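S.K.: Before anything else, here's the structure in question.
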Amino acid sequence: MLGSTLFGIGTFAATNAGTRSKDPRKLPPQIGDELVRPSWEDEGRIISIDDLPLNGPPLLAYPRDPAAGIARERSRLNQILLVRLEYTEMSEQTRAVADAGIVAYSGICTHEACGVSEWNAADRYFICPCHASEFDPRNRAAVVGGPARRALPALPIKRVGRNIVVAGKFTNRVGAKRK
Amino acid sequence: MRFFALACINTLVSLAVDAEPIDYNPVTADRLIEPEPRNWLMYRGTYDSWGYSPLDQITPDNVAGLIPVWTFSTGVEEAHQSPPIVNDGIMFITTPENQVLALDARTGDLIWRYRRELPDDLMQLHPTNRGVALWSDRVYLATVDAYLIALDARTGEVIWEREVEDYLGGYYMTLAPLVVDGKVMVGMSGGDLGIRGFIQAFSADAGEPLWKTYMVPGPGEPGHDTWPGDTWKRGGVSIWVTGSYDPDTQLAYWGTGNAGPWIGDQRSGDNLYATSVLALDIATGEVRAHHQYHWNDSWDWDEVSAPLLVDIERGGRKIKTLVHAGRNGYLWLLERSAEDIRFVDATPFVRQNVFTRLDPESGRPEYDPTKVPRTGSRVEFCPSIWGGKDWPPSAYNPKTGYLYIPANENLCGAFTGEPAKYRRGELYLGMQFSTIEVFPHEDAAHHIGELQAWDLTAGKKVWTVEFPFHNWGPVLTTGGGLVFSGGTNDRYFRAFDAKTGETLWKQRTNSGIVGVPTSYKIDGVQYVAVQSGWGVDAQRKQEYLDKAFGTKTHVPQGGVLWVFALGN
């Protein structure tokens, strides 16, 4: 399952570049990548856990290769939502990929690949503005409303000091299913 | 390089089912100017965009005997909006995901199927397609990843494909191309994503670019001064729907979308050529004339539909008009000539509380400033974001002289503007989508959806059919004196008496109908065809209405093409 997920993402990244080269700016998140803000917001600075208010709203993040300092911003599929939640309210599955109440999910909707860019503060749900799908970040970003049928894939993370790094691969295929 | 790369990944799969060569009648310039009544060769049937079939076998007297003669499941969900286009027995439909199906229009047998492999990171705000165009022995498709593709009409094989724009920049296409005399014209969607809209022409033979006209004028071009600063670069103005064409003047008439971002005070000025009709010289792409229905739009009232070209008698004078039922809730009548578009009159066809007055000469509206959305405030207005009529096309019947409008009444809305932040290829609205409000006027307890008939000579509404919920149904009218349309969440496809509006027949289908109905004839039998497949804005609007009314409505998805004829 994991293999096929990675194959799908890897194939996309390589072919969209027009070659089989592994453009580091388009690679999916790699274990050990640090999470940073987009370069067009906050100049791509590294995210501290202090940036994340308890119970949201989420922050948009991208993975960055810490050695080369290269942010993987050249693929929409690398948009990540970081949110800090009450640990006691998280499901078992969510706790397994979170650290210290912080959890990361793909920011690309599983319905039609729009950016999941809005936040329902009352219910603490992610909202995809395109077609109004909603996802519960406390429970593996499962669909709680709208036309999407698949949860947002989670990205396992861990805290390193005050920062956050990638600890695993996305738990499922990122983006809309088009087969 | 990019063209080559995408050609590789977008594996262009065509499956020819029948190895036998099919008979195919090539489409010529003359046939497009004067299509045979038995055929439906383009988006609205004819260049004047009437949505009218002269066929008269099915009439008010016998329509009760209409039965489904075959159906075809498309295997795809989301909004099936395209018309079944028929050329001497061969039918072409498109579906969401840019699938094209060629079918035997008499039997429903599949001849070939084209499927496009779309990129994984393609964002589909409007997962739909509005149909193919025909020329010679080819079929043309404009794709949601912004390619124009020429297919072999007999086999579905790809003859050429051309990247029109980069989908990662928010550009995509949903319209059926307009073909005139060997030129294929397409326009860009993406006005909600910070694009700069345009119409571009390509040679039908080889896909060579011929001209490109931006809907937002650049520096030095007329109208550029209606955009402050750099706002023109991301000014939107999409083209969503196929243009009309007048062979006498060789001008194509296109309706244009709203400006971006949505809130007008973030781009002060008229914002030409947003929310307008444009007359483009098809030889050069030059803008020969325009009329802006309303300036500095702040309501997301795209004026996407192309105007209908109708000759009307007014004040003892026969005038060549452009007729447009606007999303802004007014029915516009304009006079067209080779040099000009002139305002004649405009009348609200739904509740509208924004315009306080129209200039009697120019038609330019004045606004109630308390009804104009602005940055940092919540502002209410009527009609709602989806307006009096969205993209579903109206139809005109020359025998009744009536225009048939799929309208929505009794709804208002509110926007709360905030400064727009541009991020390439993402929503660029100047508001949170989730803060859009739609709420019913107290009269909505009675109904929302309507099918209206207007006598264009008298300038008066002659009948209205009401539906409890919204109407999202494109309209077909016929020489037999009927009007066909779906559009409601109860999944019905209906036939109405064109003179009286009486409902004469209805068929419940698999899903809600947002497809464009068409009619054609083979071996002496008249058929009516329509795709049933709910999705996109009809579905989105349903969710807002359910919230407003406290209801929960389930409209199943999944496309099926239905073909009807008289029994016995």
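In the structure tokens, the first chain shown is A, the next is B, and so on; residue numbers restart at 1 for each chain, and ligands run from 1 in the order shown.
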Can you check which residues of chain A have any atom within 6 Å of chain B? Use only C-alpha atoms and format it as a list in words.

M.R.: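 Only these qualify: Gly18, Glu112, Ala113, Cys114, Pro129 and Cys130 of chain A.
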
S.K.: So how many Å separate CA of Gln250 in chain B and CA of Leu308 in chain B, to one decimal?

M.R.: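 Going from CA of Gln250 in chain B over to CA of Leu308 in chain B, I get 15.4 Å.
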
S.K.: Taking the chain letters and numbering used in this document, name the residues of range 80-175 of chain A that DSSP puts in strand (DSSP E), as an NGL selection string.

M.R.: :A and (80-84 or 102-106 or 118-120 or 125-128 or 133-136 or 142-145 or 157-160 or 163-166)

S.K.: How would the residues just chosen look if you wrote them out with C-alpha atoms as a CSV table (one decimal), in the first residue's frame?

M.R.:
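Full text of out.csv as output:
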```csv
chain,number,residue,atom,x,y,z
A,80,ILE,CA,0.8,20.6,4.5
A,81,LEU,CA,-1.5,21.7,7.2
A,82,LEU,CA,-0.1,21.9,10.7
A,83,VAL,CA,-2.4,22.2,13.6
A,84,ARG,CA,-2.1,21.9,17.4
A,102,ILE,CA,0.7,18.7,16.9
A,103,VAL,CA,-0.5,16.9,13.7
A,104,ALA,CA,0.2,17.4,10.0
A,105,TYR,CA,-2.0,16.6,7.1
A,106,SER,CA,-1.9,17.0,3.3
A,118,GLU,CA,-10.2,27.6,5.3
A,119,TRP,CA,-10.9,26.7,8.9
A,120,ASN,CA,-14.2,26.2,10.7
A,125,TYR,CA,-12.7,21.4,11.0
A,126,PHE,CA,-10.6,22.0,7.9
A,127,ILE,CA,-12.7,23.3,5.0
A,128,CYS,CA,-12.0,23.0,1.3
A,133,SER,CA,-15.7,19.4,2.0
A,134,GLU,CA,-14.9,19.4,5.7
A,135,PHE,CA,-12.3,17.2,7.6
A,136,ASP,CA,-11.9,16.6,11.3
A,142,ALA,CA,-11.8,12.0,8.2
A,143,VAL,CA,-14.5,13.6,6.0
A,144,VAL,CA,-17.3,15.1,8.1
A,145,GLY,CA,-19.1,17.0,5.3
A,157,ILE,CA,6.0,14.3,12.4
A,158,LYS,CA,8.1,14.7,15.5
A,159,ARG,CA,9.3,17.6,17.5
A,160,VAL,CA,13.0,18.4,17.5
A,163,ASN,CA,10.7,22.8,15.5
A,164,ILE,CA,8.9,20.1,13.6
A,165,VAL,CA,10.4,17.5,11.3
A,166,VAL,CA,8.9,14.9,9.0
```

S.K.: Excluding range 378-389 of chain B and any residue of its chain fewer than 2 positions from it, enumerate the residues within 8 Å of it, using only C-alpha atoms, and give them as an NGL selection string.

M.R.: :B and (299-301 or 325-330 or 349-354 or 370-374 or 376 or 391-392 or 405-417 or 438-439)

S.K.: I need the residue nearest Asp152 in chain B from this list: B:Asp248, B:Asp104, B:Asp166, B:Asp205. Use only C-alpha atoms for the distance.

M.R.: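 Of B:Asp248, B:Asp104, B:Asp166, B:Asp205, the one nearest Asp152 in chain B is B:Asp205, counting only C-alpha atoms.
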
S.K.: I'd like the neighbourhood of His447 in chain B as an mmCIF file with C-alpha atoms, in the first residue's frame, where a residue qualifies if any of its atoms comes within 12 Å (using only C-alpha atoms), though same-chain residues fewer than 2 positions away should be ignored.

M.R.:
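Output below, filename result.cif:
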```cif
data_model
loop_
_atom_site.group_PDB
_atom_site.id
_atom_site.type_symbol
_atom_site.label_atom_id
_atom_site.label_comp_id
_atom_site.auth_asym_id
_atom_site.auth_seq_id
_atom_site.Cartn_x
_atom_site.Cartn_y
_atom_site.Cartn_z
ATOM 1 C CA ALA B 407 -34.214 31.553 -13.516
ATOM 2 C CA ASN B 408 -33.811 31.608 -9.770
ATOM 3 C CA GLU B 409 -35.952 33.997 -7.746
ATOM 4 C CA ASN B 410 -36.375 34.949 -4.081
ATOM 5 C CA LEU B 411 -32.784 34.441 -2.987
ATOM 6 C CA PRO B 440 -34.141 33.166 1.180
ATOM 7 C CA HIS B 441 -36.395 36.141 0.826
ATOM 8 C CA GLU B 442 -39.645 35.527 2.689
ATOM 9 C CA ASP B 443 -41.313 34.733 -0.640
ATOM 10 C CA ALA B 444 -38.911 31.813 -1.068
ATOM 11 C CA ALA B 445 -41.240 29.813 1.145
ATOM 12 C CA GLY B 449 -36.631 27.981 -9.277
ATOM 13 C CA GLU B 450 -38.485 29.274 -12.311
ATOM 14 C CA LEU B 451 -38.759 28.694 -16.019
ATOM 15 C CA THR B 464 -43.711 31.279 -15.396
ATOM 16 C CA VAL B 465 -43.362 27.728 -14.126
ATOM 17 C CA GLU B 466 -42.288 27.558 -10.482
ATOM 18 C CA PHE B 467 -40.169 24.929 -8.709
ATOM 19 C CA PRO B 468 -39.725 24.625 -4.916
ATOM 20 C CA PHE B 469 -35.918 24.536 -5.062
ATOM 21 C CA HIS B 470 -33.420 26.032 -7.486
ATOM 22 C CA ASN B 471 -33.453 25.520 -11.246
ATOM 23 C CA THR B 488 -34.276 20.520 -10.408
#
```

S.K.: From range 30-91 of chain A, collect each residue whose DSSP state is helix (DSSP H, G or I) and return the set as a PyMOL selection string.

M.R.: chain A and resi 42-44+49-51+76-78+87-89

S.K.: For Val563 in chain B, which of B:Gly191, B:Gly550, B:Pro209, B:Pro517 is the closest residue, counting only C-alpha atoms?

M.R.: B:Pro517

S.K.: Could you please determine the separation between CA of Val184 in chain B and CA of Glu208 in chain B in Å, to one decimal place?

M.R.: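 CA of Glu208 in chain B lies 9.9 Å from CA of Val184 in chain B.
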